[in-house]
Amino acid sequence: ASLQWGQAKDLQGGEVRVLTADMSTLEGFSMLADWGVRTCPVIERPSGGGAEAARVIGTLDLRDACKFFVEMQEQHKSSSQEVRASLKDRFNISAEVEISHVLDSISSHPSCGQGKNISYLARMHPLRVVEPSASLEDVARHLSHGSHIVGVSGGGGELAGLSKIITQRMLFEHIASQLLHVPLRVEEVMNSHVLSVSCSSCAYDAFKLIASKNVSGVPVVGEEGDIQYNTSSSDVRELINWGKKTGMAGDLSEKLSDNLEDFLVAIRARSSDFKTRATVSTCHPEDGLSHVIQRFLKTGYHRIWVIANSEDKKPIGVVSLTDIFKKLVNA
């Protein structure tokens with residue numbers, strides 16, 4: 001209750017980047033990968049170039065890209081390897097074209113409606129927009145329901161009236177110094193519902209779990225159930241970047257069929273961002289929230305897994321930025 005929230009206009013930064021509803025799925029996810037963001041507003045401009053302002057129709061989220069990879073693997077399962085190889089040889093289908101074809105398949109799949117653009121996906125994830133004078137407590141309340149971004153009004157018509165985009169990370173860093181003094185323990189904040197995937201599973205299994213449960217990330221565990229890695233929609237972003245920059249030597253389906261541990265090592269070895277990071281970050285139930293706050297600030301992660309103790313490393317919970325906001329606004 002003593003937390004001094006401030007107002008939305010107080011936050012520095014928050015550059016407005018938008019996608020347009022007529023973009024293909026390939027363009028949309030590629031832009032998210034290029035910008036290094038998880039979520040972005042999607043706007044619809046008036047037809048015929050009229051004077052009316054553009055309007056926000058929703059957001060595109062990297063979690064949707066996980067659905068694309070799942071769909072891609074299902075497509076590859078339905079056709080034999082010999083047929084795929086023959087078609088690629090006959091028509092000289094490059095890896096880039098294959099990536100484009102499967103990315104676009106997400107919006108033509110029955111579960112995603114008709115059409116080849118991102119508008120349907122965007123409408124599945126509405127964007128919350130607040131006034132510049134809105135309290136940051138209200139912003140935190142929106143961010144505590146699973147949304148990664150909140151829009152701030154007061155901008156020009158070409159950006160659908162958006163003047164700023166507040167991310168979970170922005171708000172967290174703004175109030176982190178105060179959070180260090182909040183007398184809470186990890187067990188009071190953590191979410192005890194943990195889904196995990198085995199190191200020996202294939203990458204496809206991890207993406208399928210993320211897509212089907214609509215979560216951002218899951219822990220990767222060893223044979224004894226001890227946590228080894230974290231995998232999330234950020235790995236989808238790295239895979240898209242890898243495919244764009246290198247042409248993806250070999251079929252994407254082969255990469256998705258790789259042992260998950262090998263897949264993660266290969267993907268992250270190509271990312272300068274991941275090279276300087278630990279493979280996973282953990283804490284204990286009795287740790288103070290201040291310990292977790294410092295870990296978030298140091299690593300840049302969005303979630304830290306909870307283990308019972310240093311000997312028993314099975315994940316028993318998770319603390320995410322969403323969990324922290326949820327606890328604060330409901331206190």
# chains A, B, ... in the order shown; residues from 1 in each chain; ligands from 1
>>> residues_around(residues="segment 210-220 of chain A", least_positions_apart="4", cutoff="6 Å", atoms="only C-alpha atoms", output="PyMOL selection string")
chain A and resi 66-67+196-199+227-233
>>> write_last_selection(atoms="N, CA and C atoms", output="CSV table (one decimal), in the first residue's frame")
chain,number,residue,atom,x,y,z
A,66,CYS,N,4.6,-19.9,-31.5
A,66,CYS,CA,4.8,-21.3,-31.1
A,66,CYS,C,3.7,-22.1,-31.8
A,67,LYS,N,2.5,-21.6,-32.0
A,67,LYS,CA,1.4,-22.3,-32.6
A,67,LYS,C,1.9,-22.6,-34.1
A,196,SER,N,6.4,-28.7,-17.0
A,196,SER,CA,7.8,-28.9,-17.4
A,196,SER,C,7.9,-29.8,-18.6
A,197,VAL,N,9.1,-29.8,-19.2
A,197,VAL,CA,9.4,-30.7,-20.3
A,197,VAL,C,10.7,-31.3,-20.1
A,198,SER,N,11.0,-32.5,-20.6
A,198,SER,CA,12.2,-33.2,-20.4
A,198,SER,C,13.3,-32.8,-21.4
A,199,CYS,N,14.6,-32.8,-20.9
A,199,CYS,CA,15.7,-32.5,-21.8
A,199,CYS,C,15.7,-33.4,-23.0
A,227,ILE,N,15.9,-29.1,-12.6
A,227,ILE,CA,15.8,-28.1,-13.7
A,227,ILE,C,17.2,-27.9,-14.3
A,228,GLN,N,17.2,-27.8,-15.6
A,228,GLN,CA,18.5,-27.6,-16.4
A,228,GLN,C,18.5,-26.4,-17.2
A,229,TYR,N,17.3,-26.1,-17.8
A,229,TYR,CA,17.2,-24.9,-18.7
A,229,TYR,C,15.8,-24.3,-18.5
A,230,ASN,N,15.6,-23.2,-19.2
A,230,ASN,CA,14.3,-22.6,-19.4
A,230,ASN,C,14.1,-22.4,-20.9
A,231,THR,N,13.0,-22.7,-21.4
A,231,THR,CA,12.7,-22.4,-22.8
A,231,THR,C,11.4,-21.6,-22.9
A,232,SER,N,11.4,-20.7,-23.8
A,232,SER,CA,10.2,-19.7,-23.9
A,232,SER,C,10.0,-19.3,-25.3
A,233,SER,N,9.1,-18.4,-25.5
A,233,SER,CA,8.8,-17.8,-26.8
A,233,SER,C,10.1,-17.0,-27.3
>>> closest_atom_pairs(of="segment 277-306 of chain A", to="segment 181-190 of chain A", cutoff="12 Å", atoms="only C-alpha atoms", output="JSON lines")
{"residue": "A:Thr282", "atom": "CA", "partner": "A:Val186", "partner_atom": "CA", "distance": 11.0}
{"residue": "A:Cys283", "atom": "CA", "partner": "A:Val186", "partner_atom": "CA", "distance": 8.0}
{"residue": "A:His284", "atom": "CA", "partner": "A:Val186", "partner_atom": "CA", "distance": 7.0}
{"residue": "A:Pro285", "atom": "CA", "partner": "A:Glu187", "partner_atom": "CA", "distance": 4.6}
{"residue": "A:Glu286", "atom": "CA", "partner": "A:Arg185", "partner_atom": "CA", "distance": 5.8}
{"residue": "A:Asp287", "atom": "CA", "partner": "A:Val186", "partner_atom": "CA", "distance": 5.6}
{"residue": "A:Gly288", "atom": "CA", "partner": "A:Arg185", "partner_atom": "CA", "distance": 4.3}
{"residue": "A:Leu289", "atom": "CA", "partner": "A:Arg185", "partner_atom": "CA", "distance": 5.2}
{"residue": "A:Ser290", "atom": "CA", "partner": "A:His181", "partner_atom": "CA", "distance": 6.8}
{"residue": "A:His291", "atom": "CA", "partner": "A:Val186", "partner_atom": "CA", "distance": 8.9}
{"residue": "A:Val292", "atom": "CA", "partner": "A:Val186", "partner_atom": "CA", "distance": 7.7}
{"residue": "A:Ile293", "atom": "CA", "partner": "A:His181", "partner_atom": "CA", "distance": 10.1}
{"residue": "A:Gln294", "atom": "CA", "partner": "A:His181", "partner_atom": "CA", "distance": 11.4}
{"residue": "A:Arg303", "atom": "CA", "partner": "A:Met190", "partner_atom": "CA", "distance": 10.1}
{"residue": "A:Ile304", "atom": "CA", "partner": "A:Met190", "partner_atom": "CA", "distance": 9.4}
{"residue": "A:Trp305", "atom": "CA", "partner": "A:Met190", "partner_atom": "CA", "distance": 8.9}
{"residue": "A:Val306", "atom": "CA", "partner": "A:Met190", "partner_atom": "CA", "distance": 7.8}
>>> closest_atom_pairs(of="segment 170-274 of chain A", to="segment 35-40 of chain A", cutoff="12 Å", atoms="only C-alpha atoms", output="Markdown table")
| residue | atom | partner | partner_atom | distance |
| --- | --- | --- | --- | --- |
| A:Ser216 | CA | A:Arg38 | CA | 9.6 |
| A:Ser232 | CA | A:Arg38 | CA | 10.5 |
| A:Ser233 | CA | A:Arg38 | CA | 7.7 |
| A:Ser234 | CA | A:Arg38 | CA | 7.4 |
| A:Asp235 | CA | A:Arg38 | CA | 10.9 |
| A:Val236 | CA | A:Arg38 | CA | 10.1 |
| A:Arg237 | CA | A:Gly36 | CA | 7.7 |
| A:Glu238 | CA | A:Gly36 | CA | 9.2 |
| A:Ile240 | CA | A:Gly36 | CA | 11.1 |
| A:Asn241 | CA | A:Gly36 | CA | 9.7 |
| A:Ser271 | CA | A:Gly36 | CA | 11.6 |
| A:Asp273 | CA | A:Gly36 | CA | 10.4 |
>>> write_last_selection(atoms="C-alpha atoms", output="CSV table (one decimal), in the first residue's frame")
chain,number,residue,atom,x,y,z
A,216,SER,CA,5.3,-17.9,-22.2
A,232,SER,CA,10.2,-19.7,-23.9
A,233,SER,CA,8.8,-17.8,-26.8
A,234,SER,CA,12.2,-16.0,-26.9
A,235,ASP,CA,13.7,-19.2,-28.3
A,236,VAL,CA,11.1,-19.0,-31.1
A,237,ARG,CA,12.4,-15.5,-31.8
A,238,GLU,CA,15.9,-16.8,-32.0
A,240,ILE,CA,13.2,-17.1,-36.7
A,241,ASN,CA,16.3,-14.9,-36.6
A,271,SER,CA,22.8,-15.3,-30.1
A,273,ASP,CA,22.3,-12.0,-26.0
>>> closest_residue(among="A:Leu162, A:Ala206, A:Ile267, A:Val194", to="Ser320 of chain A", atoms="only C-alpha atoms")
A:Val194
>>> residues_around(residues="Leu171 of chain A", least_positions_apart="6", cutoff="9 Å", atoms="only C-alpha atoms", output="tab-separated table (two decimals) with N, CA and C atoms, in the first residue's frame")
chain	number	residue	atom	x	y	z
A	11	LEU	N	6.82	7.50	-16.98
A	11	LEU	CA	7.77	6.51	-17.47
A	11	LEU	C	8.53	7.04	-18.68
A	136	LEU	N	0.12	4.29	-12.39
A	136	LEU	CA	0.89	3.10	-12.75
A	136	LEU	C	0.35	1.87	-12.05
A	139	VAL	N	-1.92	0.55	-14.56
A	139	VAL	CA	-1.13	-0.11	-15.60
A	139	VAL	C	-0.70	-1.49	-15.12
A	140	ALA	N	-0.22	-1.57	-13.87
A	140	ALA	CA	0.21	-2.85	-13.31
A	140	ALA	C	-0.95	-3.84	-13.27
>>> select_by_dssp(residues="segment 131-185 of chain A", states="alpha helix (DSSP H)", output="PDB file with all heavy atoms, in the first residue's frame")
ATOM      1  N   LEU A 136       0.124   4.287 -12.395  1.00  0.00           N
ATOM      2  CA  LEU A 136       0.893   3.101 -12.753  1.00  0.00           C
ATOM      3  C   LEU A 136       0.351   1.866 -12.048  1.00  0.00           C
ATOM      4  O   LEU A 136       0.596   0.736 -12.480  1.00  0.00           O
ATOM      5  CB  LEU A 136       2.368   3.314 -12.426  1.00  0.00           C
ATOM      6  CG  LEU A 136       3.094   4.326 -13.324  1.00  0.00           C
ATOM      7  CD1 LEU A 136       4.553   4.466 -12.926  1.00  0.00           C
ATOM      8  CD2 LEU A 136       2.986   3.927 -14.797  1.00  0.00           C
ATOM      9  N   GLU A 137      -0.404   2.083 -10.983  1.00  0.00           N
ATOM     10  CA  GLU A 137      -1.075   0.947 -10.341  1.00  0.00           C
ATOM     11  C   GLU A 137      -2.114   0.354 -11.293  1.00  0.00           C
ATOM     12  O   GLU A 137      -2.261  -0.871 -11.386  1.00  0.00           O
ATOM     13  CB  GLU A 137      -1.734   1.380  -9.041  1.00  0.00           C
ATOM     14  CG  GLU A 137      -2.354   0.225  -8.267  1.00  0.00           C
ATOM     15  CD  GLU A 137      -2.919   0.645  -6.927  1.00  0.00           C
ATOM     16  OE1 GLU A 137      -2.878   1.852  -6.619  1.00  0.00           O
ATOM     17  OE2 GLU A 137      -3.400  -0.237  -6.197  1.00  0.00           O
ATOM     18  N   ASP A 138      -2.823   1.231 -12.018  1.00  0.00           N
ATOM     19  CA  ASP A 138      -3.778   0.738 -13.018  1.00  0.00           C
ATOM     20  C   ASP A 138      -3.059   0.010 -14.149  1.00  0.00           C
ATOM     21  O   ASP A 138      -3.538  -1.020 -14.644  1.00  0.00           O
ATOM     22  CB  ASP A 138      -4.594   1.901 -13.592  1.00  0.00           C
ATOM     23  CG  ASP A 138      -5.635   2.423 -12.624  1.00  0.00           C
ATOM     24  OD1 ASP A 138      -5.999   1.668 -11.694  1.00  0.00           O
ATOM     25  OD2 ASP A 138      -6.071   3.581 -12.773  1.00  0.00           O
ATOM     26  N   VAL A 139      -1.925   0.551 -14.562  1.00  0.00           N
ATOM     27  CA  VAL A 139      -1.128  -0.112 -15.605  1.00  0.00           C
ATOM     28  C   VAL A 139      -0.698  -1.486 -15.123  1.00  0.00           C
ATOM     29  O   VAL A 139      -0.786  -2.486 -15.849  1.00  0.00           O
ATOM     30  CB  VAL A 139       0.113   0.738 -15.972  1.00  0.00           C
ATOM     31  CG1 VAL A 139       1.011  -0.032 -16.948  1.00  0.00           C
ATOM     32  CG2 VAL A 139      -0.317   2.068 -16.578  1.00  0.00           C
ATOM     33  N   ALA A 140      -0.216  -1.569 -13.873  1.00  0.00           N
ATOM     34  CA  ALA A 140       0.205  -2.849 -13.307  1.00  0.00           C
ATOM     35  C   ALA A 140      -0.950  -3.836 -13.265  1.00  0.00           C
ATOM     36  O   ALA A 140      -0.767  -5.041 -13.489  1.00  0.00           O
ATOM     37  CB  ALA A 140       0.772  -2.634 -11.905  1.00  0.00           C
ATOM     38  N   ARG A 141      -2.143  -3.330 -13.000  1.00  0.00           N
ATOM     39  CA  ARG A 141      -3.319  -4.211 -12.955  1.00  0.00           C
ATOM     40  C   ARG A 141      -3.562  -4.840 -14.330  1.00  0.00           C
ATOM     41  O   ARG A 141      -3.861  -6.036 -14.433  1.00  0.00           O
ATOM     42  CB  ARG A 141      -4.541  -3.418 -12.491  1.00  0.00           C
ATOM     43  CG  ARG A 141      -5.776  -4.276 -12.268  1.00  0.00           C
ATOM     44  CD  ARG A 141      -6.878  -3.512 -11.541  1.00  0.00           C
ATOM     45  NE  ARG A 141      -6.539  -3.318 -10.121  1.00  0.00           N
ATOM     46  CZ  ARG A 141      -6.153  -2.167  -9.602  1.00  0.00           C
ATOM     47  NH1 ARG A 141      -6.031  -1.081 -10.371  1.00  0.00           N
ATOM     48  NH2 ARG A 141      -5.875  -2.068  -8.317  1.00  0.00           N
ATOM     49  N   HIS A 142      -3.422  -4.058 -15.378  1.00  0.00           N
ATOM     50  CA  HIS A 142      -3.569  -4.615 -16.727  1.00  0.00           C
ATOM     51  C   HIS A 142      -2.464  -5.635 -17.017  1.00  0.00           C
ATOM     52  O   HIS A 142      -2.710  -6.693 -17.608  1.00  0.00           O
ATOM     53  CB  HIS A 142      -3.521  -3.495 -17.767  1.00  0.00           C
ATOM     54  CG  HIS A 142      -4.709  -2.578 -17.752  1.00  0.00           C
ATOM     55  ND1 HIS A 142      -6.003  -3.038 -17.738  1.00  0.00           N
ATOM     56  CD2 HIS A 142      -4.792  -1.221 -17.751  1.00  0.00           C
ATOM     57  CE1 HIS A 142      -6.838  -2.013 -17.730  1.00  0.00           C
ATOM     58  NE2 HIS A 142      -6.127  -0.898 -17.734  1.00  0.00           N
ATOM     59  N   LEU A 143      -1.253  -5.315 -16.607  1.00  0.00           N
ATOM     60  CA  LEU A 143      -0.119  -6.207 -16.872  1.00  0.00           C
ATOM     61  C   LEU A 143      -0.148  -7.471 -16.014  1.00  0.00           C
ATOM     62  O   LEU A 143       0.583  -8.420 -16.288  1.00  0.00           O
ATOM     63  CB  LEU A 143       1.202  -5.461 -16.638  1.00  0.00           C
ATOM     64  CG  LEU A 143       1.500  -4.310 -17.605  1.00  0.00           C
ATOM     65  CD1 LEU A 143       2.768  -3.570 -17.181  1.00  0.00           C
ATOM     66  CD2 LEU A 143       1.640  -4.819 -19.039  1.00  0.00           C
ATOM     67  N   GLN A 168       6.031  -4.712 -19.513  1.00  0.00           N
ATOM     68  CA  GLN A 168       6.197  -5.221 -18.150  1.00  0.00           C
ATOM     69  C   GLN A 168       7.569  -4.838 -17.601  1.00  0.00           C
ATOM     70  O   GLN A 168       7.709  -4.426 -16.452  1.00  0.00           O
ATOM     71  CB  GLN A 168       6.048  -6.744 -18.137  1.00  0.00           C
ATOM     72  CG  GLN A 168       4.633  -7.246 -18.230  1.00  0.00           C
ATOM     73  CD  GLN A 168       4.548  -8.738 -17.970  1.00  0.00           C
ATOM     74  OE1 GLN A 168       5.491  -9.490 -18.224  1.00  0.00           O
ATOM     75  NE2 GLN A 168       3.407  -9.196 -17.471  1.00  0.00           N
ATOM     76  N   ARG A 169       8.582  -4.957 -18.455  1.00  0.00           N
ATOM     77  CA  ARG A 169       9.944  -4.688 -18.009  1.00  0.00           C
ATOM     78  C   ARG A 169      10.122  -3.213 -17.628  1.00  0.00           C
ATOM     79  O   ARG A 169      10.779  -2.886 -16.639  1.00  0.00           O
ATOM     80  CB  ARG A 169      10.933  -5.060 -19.139  1.00  0.00           C
ATOM     81  CG  ARG A 169      12.378  -5.019 -18.720  1.00  0.00           C
ATOM     82  CD  ARG A 169      12.721  -6.235 -17.909  1.00  0.00           C
ATOM     83  NE  ARG A 169      13.966  -6.060 -17.174  1.00  0.00           N
ATOM     84  CZ  ARG A 169      14.468  -6.984 -16.363  1.00  0.00           C
ATOM     85  NH1 ARG A 169      13.827  -8.118 -16.185  1.00  0.00           N
ATOM     86  NH2 ARG A 169      15.585  -6.780 -15.724  1.00  0.00           N
ATOM     87  N   MET A 170       9.546  -2.317 -18.420  1.00  0.00           N
ATOM     88  CA  MET A 170       9.646  -0.885 -18.132  1.00  0.00           C
ATOM     89  C   MET A 170       9.077  -0.549 -16.762  1.00  0.00           C
ATOM     90  O   MET A 170       9.698   0.155 -15.958  1.00  0.00           O
ATOM     91  CB  MET A 170       8.914  -0.072 -19.200  1.00  0.00           C
ATOM     92  CG  MET A 170       9.661   0.131 -20.500  1.00  0.00           C
ATOM     93  SD  MET A 170       8.610   0.971 -21.716  1.00  0.00           S
ATOM     94  CE  MET A 170       8.235   2.510 -20.852  1.00  0.00           C
ATOM     95  N   LEU A 171       7.877  -1.039 -16.498  1.00  0.00           N
ATOM     96  CA  LEU A 171       7.238  -0.732 -15.224  1.00  0.00           C
ATOM     97  C   LEU A 171       8.005  -1.369 -14.071  1.00  0.00           C
ATOM     98  O   LEU A 171       8.204  -0.751 -13.020  1.00  0.00           O
ATOM     99  CB  LEU A 171       5.788  -1.218 -15.225  1.00  0.00           C
ATOM    100  CG  LEU A 171       5.002  -0.958 -13.942  1.00  0.00           C
ATOM    101  CD1 LEU A 171       5.030   0.527 -13.577  1.00  0.00           C
ATOM    102  CD2 LEU A 171       3.565  -1.449 -14.071  1.00  0.00           C
ATOM    103  N   PHE A 172       8.456  -2.600 -14.268  1.00  0.00           N
ATOM    104  CA  PHE A 172       9.208  -3.285 -13.219  1.00  0.00           C
ATOM    105  C   PHE A 172      10.465  -2.498 -12.846  1.00  0.00           C
ATOM    106  O   PHE A 172      10.744  -2.272 -11.655  1.00  0.00           O
ATOM    107  CB  PHE A 172       9.596  -4.691 -13.686  1.00  0.00           C
ATOM    108  CG  PHE A 172      10.609  -5.361 -12.798  1.00  0.00           C
ATOM    109  CD1 PHE A 172      10.241  -5.849 -11.557  1.00  0.00           C
ATOM    110  CD2 PHE A 172      11.930  -5.481 -13.208  1.00  0.00           C
ATOM    111  CE1 PHE A 172      11.181  -6.450 -10.724  1.00  0.00           C
ATOM    112  CE2 PHE A 172      12.871  -6.067 -12.386  1.00  0.00           C
ATOM    113  CZ  PHE A 172      12.496  -6.551 -11.128  1.00  0.00           C
ATOM    114  N   GLU A 173      11.225  -2.053 -13.836  1.00  0.00           N
ATOM    115  CA  GLU A 173      12.464  -1.323 -13.553  1.00  0.00           C
ATOM    116  C   GLU A 173      12.172   0.025 -12.899  1.00  0.00           C
ATOM    117  O   GLU A 173      12.969   0.526 -12.102  1.00  0.00           O
ATOM    118  CB  GLU A 173      13.276  -1.150 -14.832  1.00  0.00           C
ATOM    119  CG  GLU A 173      13.835  -2.474 -15.356  1.00  0.00           C
ATOM    120  CD  GLU A 173      14.685  -2.309 -16.593  1.00  0.00           C
ATOM    121  OE1 GLU A 173      14.695  -1.195 -17.172  1.00  0.00           O
ATOM    122  OE2 GLU A 173      15.341  -3.288 -17.006  1.00  0.00           O
ATOM    123  N   HIS A 174      11.014   0.614 -13.220  1.00  0.00           N
ATOM    124  CA  HIS A 174      10.649   1.907 -12.639  1.00  0.00           C
ATOM    125  C   HIS A 174      10.390   1.800 -11.136  1.00  0.00           C
ATOM    126  O   HIS A 174      10.709   2.728 -10.381  1.00  0.00           O
ATOM    127  CB  HIS A 174       9.398   2.444 -13.350  1.00  0.00           C
ATOM    128  CG  HIS A 174       8.959   3.791 -12.880  1.00  0.00           C
ATOM    129  ND1 HIS A 174       9.593   4.961 -13.248  1.00  0.00           N
ATOM    130  CD2 HIS A 174       7.936   4.167 -12.050  1.00  0.00           C
ATOM    131  CE1 HIS A 174       8.990   5.989 -12.697  1.00  0.00           C
ATOM    132  NE2 HIS A 174       7.983   5.543 -11.958  1.00  0.00           N
ATOM    133  N   ILE A 175       9.824   0.686 -10.701  1.00  0.00           N
ATOM    134  CA  ILE A 175       9.469   0.541  -9.282  1.00  0.00           C
ATOM    135  C   ILE A 175      10.389  -0.427  -8.537  1.00  0.00           C
ATOM    136  O   ILE A 175      10.178  -0.688  -7.346  1.00  0.00           O
ATOM    137  CB  ILE A 175       8.008   0.063  -9.131  1.00  0.00           C
ATOM    138  CG1 ILE A 175       7.821  -1.324  -9.754  1.00  0.00           C
ATOM    139  CG2 ILE A 175       7.051   1.075  -9.743  1.00  0.00           C
ATOM    140  CD1 ILE A 175       6.429  -1.911  -9.525  1.00  0.00           C
ATOM    141  N   ALA A 176      11.430  -0.954  -9.218  1.00  0.00           N
ATOM    142  CA  ALA A 176      12.288  -1.989  -8.615  1.00  0.00           C
ATOM    143  C   ALA A 176      12.941  -1.537  -7.314  1.00  0.00           C
ATOM    144  O   ALA A 176      13.035  -2.303  -6.357  1.00  0.00           O
ATOM    145  CB  ALA A 176      13.353  -2.430  -9.615  1.00  0.00           C
ATOM    146  N   SER A 177      13.389  -0.276  -7.257  1.00  0.00           N
ATOM    147  CA  SER A 177      14.069   0.200  -6.050  1.00  0.00           C
ATOM    148  C   SER A 177      13.140   0.165  -4.843  1.00  0.00           C
ATOM    149  O   SER A 177      13.579  -0.058  -3.708  1.00  0.00           O
ATOM    150  CB  SER A 177      14.613   1.617  -6.265  1.00  0.00           C
ATOM    151  OG  SER A 177      13.562   2.531  -6.539  1.00  0.00           O
ATOM    152  N   GLN A 178      11.853   0.391  -5.065  1.00  0.00           N
ATOM    153  CA  GLN A 178      10.878   0.300  -3.977  1.00  0.00           C
ATOM    154  C   GLN A 178      10.550  -1.148  -3.641  1.00  0.00           C
ATOM    155  O   GLN A 178      10.353  -1.507  -2.478  1.00  0.00           O
ATOM    156  CB  GLN A 178       9.597   1.033  -4.354  1.00  0.00           C
ATOM    157  CG  GLN A 178       9.778   2.535  -4.581  1.00  0.00           C
ATOM    158  CD  GLN A 178       8.461   3.193  -4.915  1.00  0.00           C
ATOM    159  OE1 GLN A 178       7.590   3.320  -4.058  1.00  0.00           O
ATOM    160  NE2 GLN A 178       8.289   3.579  -6.172  1.00  0.00           N
ATOM    161  N   LEU A 179      10.508  -2.002  -4.669  1.00  0.00           N
ATOM    162  CA  LEU A 179      10.208  -3.414  -4.444  1.00  0.00           C
ATOM    163  C   LEU A 179      11.255  -4.095  -3.565  1.00  0.00           C
ATOM    164  O   LEU A 179      10.949  -5.068  -2.871  1.00  0.00           O
ATOM    165  CB  LEU A 179      10.104  -4.151  -5.782  1.00  0.00           C
ATOM    166  CG  LEU A 179       8.922  -3.787  -6.684  1.00  0.00           C
ATOM    167  CD1 LEU A 179       9.008  -4.537  -8.003  1.00  0.00           C
ATOM    168  CD2 LEU A 179       7.599  -4.073  -5.990  1.00  0.00           C
TER     169      LEU A 179
END
>>> atom_distance(atom1="atom CA of Thr167 of chain A", atom2="atom CA of Gly14 of chain A")
7.5 Å
>>> residues_around(residues="Ile43 of chain A", least_positions_apart="3", cutoff="10 Å", atoms="only C-alpha atoms", output="list in words")
Val18, Leu19, Thr20, Ala21, Asp22, Cys40, Pro46, Ala54, Arg55, Val56, Ile57, Gly58, Thr59, Ser119, Ala122, Glu158, Leu159 and Ala160 of chain A
>>> write_last_selection(atoms="N, CA, C and O atoms", output="tab-separated table (two decimals), in the first residue's frame")
chain	number	residue	atom	x	y	z
A	18	VAL	N	4.60	-0.25	-34.38
A	18	VAL	CA	3.34	-0.91	-34.69
A	18	VAL	C	3.50	-1.79	-35.93
A	18	VAL	O	4.35	-1.54	-36.80
A	19	LEU	N	2.66	-2.80	-36.00
A	19	LEU	CA	2.50	-3.62	-37.18
A	19	LEU	C	1.17	-3.25	-37.82
A	19	LEU	O	0.27	-2.76	-37.13
A	20	THR	N	1.04	-3.45	-39.10
A	20	THR	CA	-0.22	-3.15	-39.78
A	20	THR	C	-0.97	-4.43	-40.10
A	20	THR	O	-0.37	-5.47	-40.36
A	21	ALA	N	-2.29	-4.33	-40.06
A	21	ALA	CA	-3.15	-5.51	-40.18
A	21	ALA	C	-2.99	-6.24	-41.49
A	21	ALA	O	-3.33	-7.43	-41.60
A	22	ASP	N	-2.49	-5.56	-42.53
A	22	ASP	CA	-2.36	-6.22	-43.83
A	22	ASP	C	-1.04	-6.98	-43.98
A	22	ASP	O	-0.79	-7.58	-45.03
A	40	CYS	N	3.54	-6.69	-29.87
A	40	CYS	CA	3.51	-5.39	-30.54
A	40	CYS	C	2.07	-5.07	-30.96
A	40	CYS	O	1.32	-5.97	-31.37
A	46	PRO	N	-7.19	3.30	-42.50
A	46	PRO	CA	-8.41	3.40	-43.34
A	46	PRO	C	-8.10	3.06	-44.78
A	46	PRO	O	-7.04	3.39	-45.31
A	54	ALA	N	-5.82	5.91	-37.97
A	54	ALA	CA	-5.70	4.46	-37.85
A	54	ALA	C	-6.25	4.03	-36.50
A	54	ALA	O	-6.35	4.83	-35.57
A	55	ARG	N	-6.62	2.76	-36.37
A	55	ARG	CA	-7.13	2.27	-35.10
A	55	ARG	C	-6.43	0.99	-34.70
A	55	ARG	O	-6.01	0.19	-35.56
A	56	VAL	N	-6.28	0.79	-33.40
A	56	VAL	CA	-5.65	-0.43	-32.88
A	56	VAL	C	-6.67	-1.55	-32.90
A	56	VAL	O	-7.80	-1.39	-32.42
A	57	ILE	N	-6.30	-2.70	-33.46
A	57	ILE	CA	-7.22	-3.84	-33.47
A	57	ILE	C	-6.77	-4.94	-32.53
A	57	ILE	O	-7.49	-5.91	-32.30
A	58	GLY	N	-5.56	-4.83	-31.95
A	58	GLY	CA	-5.06	-5.85	-31.04
A	58	GLY	C	-3.55	-5.90	-31.03
A	58	GLY	O	-2.89	-4.90	-31.36
A	59	THR	N	-3.00	-7.04	-30.66
A	59	THR	CA	-1.55	-7.21	-30.61
A	59	THR	C	-1.16	-8.54	-31.24
A	59	THR	O	-1.95	-9.49	-31.27
A	119	SER	N	-4.37	-9.98	-38.99
A	119	SER	CA	-5.49	-9.30	-38.33
A	119	SER	C	-6.27	-10.24	-37.40
A	119	SER	O	-6.69	-9.83	-36.32
A	122	ALA	N	-4.29	-10.81	-34.24
A	122	ALA	CA	-4.25	-9.59	-33.44
A	122	ALA	C	-5.52	-9.43	-32.62
A	122	ALA	O	-5.48	-9.01	-31.46
A	158	GLU	N	-1.53	8.68	-37.09
A	158	GLU	CA	-0.82	7.67	-37.87
A	158	GLU	C	-0.40	6.48	-37.01
A	158	GLU	O	-0.13	5.39	-37.53
A	159	LEU	N	-0.34	6.69	-35.68
A	159	LEU	CA	0.00	5.61	-34.76
A	159	LEU	C	-1.22	5.21	-33.93
A	159	LEU	O	-1.09	4.72	-32.81
A	160	ALA	N	-2.41	5.43	-34.50
A	160	ALA	CA	-3.67	5.06	-33.87
A	160	ALA	C	-3.83	5.70	-32.49
A	160	ALA	O	-4.44	5.12	-31.59
>>> closest_residue(among="A:Ser201, A:Pro41, A:Gly154, A:Ile165", to="Arg123 of chain A", atoms="only C-alpha atoms")
A:Pro41
>>> atom_distance(atom1="atom CA of Ala266 of chain A", atom2="atom CA of Leu195 of chain A")
23.3 Å
